[in-house]
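Undergrad: First the structure, which I've put down as structure tokens, then a few questions once you've had a look.
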Amino acid sequence: MQIEERVITKAILQSYYRKLSSSLETQVAIVGGGPSGLTAAYFLAKEGVKVSIFERKLSLGGGMWGGGMMFNQIVVQRAGREILEEFGVCTEEFSPGYWVADAVEAVSTICSKTVKAGAKIFNLICAEDVTIKEGKATGLVLNWTAVEAAGLHVDPLCIETNYIVDATGHPARVAQVIQRKLALKIPSQRPIGEGPMWAEAGEKAVLENTQEVYPGVFVTGMAANAVFGAPRMGPIFGGMLLSGRRAAELIQEGLNSGL
Ligand code: 48F
């Protein structure tokens, strides 16, 4: 059998088009494929929810690859370890209450399990805006990262969704854009931005801060702490995983109640 370049091209174009067009109307659109966004997508997809992730970069995994200061090991506490175990990531107890995992194994396994659970992942695409109708977010405004990086004047395209999850990490990009465009301080009268590092307080706060901050928009992971001005926590990742699972639970409740 001959291998024809034309057929290879057609296979890529047609299968990508099918994947993207089936995601034009989705139940949950997650912006950012770091640990919190991937975990939220995994738990939603596992329950049969239609979910897509849009990730600006070539690779998924956000800040997890680099562990702490490029030492590519991550630390989790007991509750975070349970989620790593659910994904099948190996952990080793370092001292009572602290477990370590290989960052590369963690990212690659979480990615793989999330795709296999049914989430659709689109890398190299960034969410530059949201659509808002009658006081509720109804969709994402998307463009190629390459367009953004080159500063090209190319209009975006849109998808429709019941819920948006801002999983963009420290900058909380979706919350930022809503705040800027609506001249609205969400959720309180404060500018978006995380507080100084305090691992314990940050890990506690991130779960409380995982919530709906504007109708149809949830925040998870560092974006949640940034919106509420809570501390950053550095390379302990349990809070990111737990926050992703919490976002999935809250959205599932919303979907079940038909909101
Ligand atoms: O930063 P990131 O890993 O966020 P996270 O899930 O986890 C934070 C930790 O990595 C670490 C930490 C742990 O304690 O503090 O920093 O909260 O992943 C965020 C992802 O969102 C992508 C970005 O490229 C990254 O992979 N992203 C950011 N803005 C956009 C975006 C955008 N506008 N559109 C699409 N993706």
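Ordering of the structure tokens sets the chain letters (A, B, ...); residue numbers start at 1 within each chain; ligands are numbered from 1 in the order shown.
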Using only C-alpha atoms and all ligand atoms, determine which residues fall within 8 Å of ligand 1, then list them as number ranges by chain.
TA: A: 31-38, 54-57, 59-64, 124-128, 142, 167-174, 203, 220-224, 232-241, 244
Undergrad: Stretch 190-194 of chain A: which residues within 7 Å, counting only C-alpha atoms, same-chain residues fewer than 4 positions away excluded, as a PyMOL selection string?
TA: chain A and resi 176+185+225-227+229-232
Undergrad: Using only C-alpha atoms, determine which residues lie at most 12 Å from A:Gly135, disregarding the query and same-chain residues fewer than 5 positions distant; provide the list as a compact mmCIF listing (two decimals) with N, CA and C atoms, in the first residue's frame.
TA:
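Heads up, here's the output in selection32.txt:
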```txt
# COMPACT_ATOMS: atom_id res chain seq x y z
N VAL A 130 -15.61 36.08 26.50
CA VAL A 130 -16.79 35.22 26.72
C VAL A 130 -17.99 35.89 26.06
N ILE A 178 -14.13 39.38 32.31
CA ILE A 178 -15.48 39.76 32.74
C ILE A 178 -15.41 41.03 33.57
N LEU A 182 -17.20 44.27 31.94
CA LEU A 182 -18.46 44.67 32.56
C LEU A 182 -18.24 45.73 33.63
N LEU A 184 -17.05 45.36 36.41
CA LEU A 184 -17.70 44.71 37.53
C LEU A 184 -16.62 44.07 38.36
N TYR A 214 -19.66 34.30 38.62
CA TYR A 214 -20.55 35.09 37.76
C TYR A 214 -21.49 34.04 37.17
N PRO A 215 -22.76 34.37 36.92
CA PRO A 215 -23.67 33.32 36.42
C PRO A 215 -23.06 32.56 35.22
N GLY A 216 -22.89 31.26 35.42
CA GLY A 216 -22.34 30.41 34.37
C GLY A 216 -20.83 30.29 34.37
N VAL A 217 -20.15 30.95 35.30
CA VAL A 217 -18.67 30.90 35.32
C VAL A 217 -18.16 30.44 36.69
```
Undergrad: List as an MDAnalysis selection string the protein and nucleic acid residues near A:Leu242, meaning an atom at most 8 Å away when only C-alpha atoms are counted, but skip any in the same chain fewer than 6 places from it.
TA: chainID A and resid 36 79:80 83 207
Undergrad: Could you state the separation of atom CA of A:Val28 and atom CA of A:Gly258 in Å, given to one decimal place?
TA: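 Taking atom CA of A:Val28 as the start and atom CA of A:Gly258 as the end point, the length is 13.5 Å.
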Undergrad: Contacts of stretch 47-50 of chain A at 7 Å or less, counting only C-alpha atoms, minus same-chain residues fewer than 3 places along, as a list in words?
TA: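 Non-adjacent residues within range: Thr26, Gln27, Val28, Phe43 and Leu44 of chain A.
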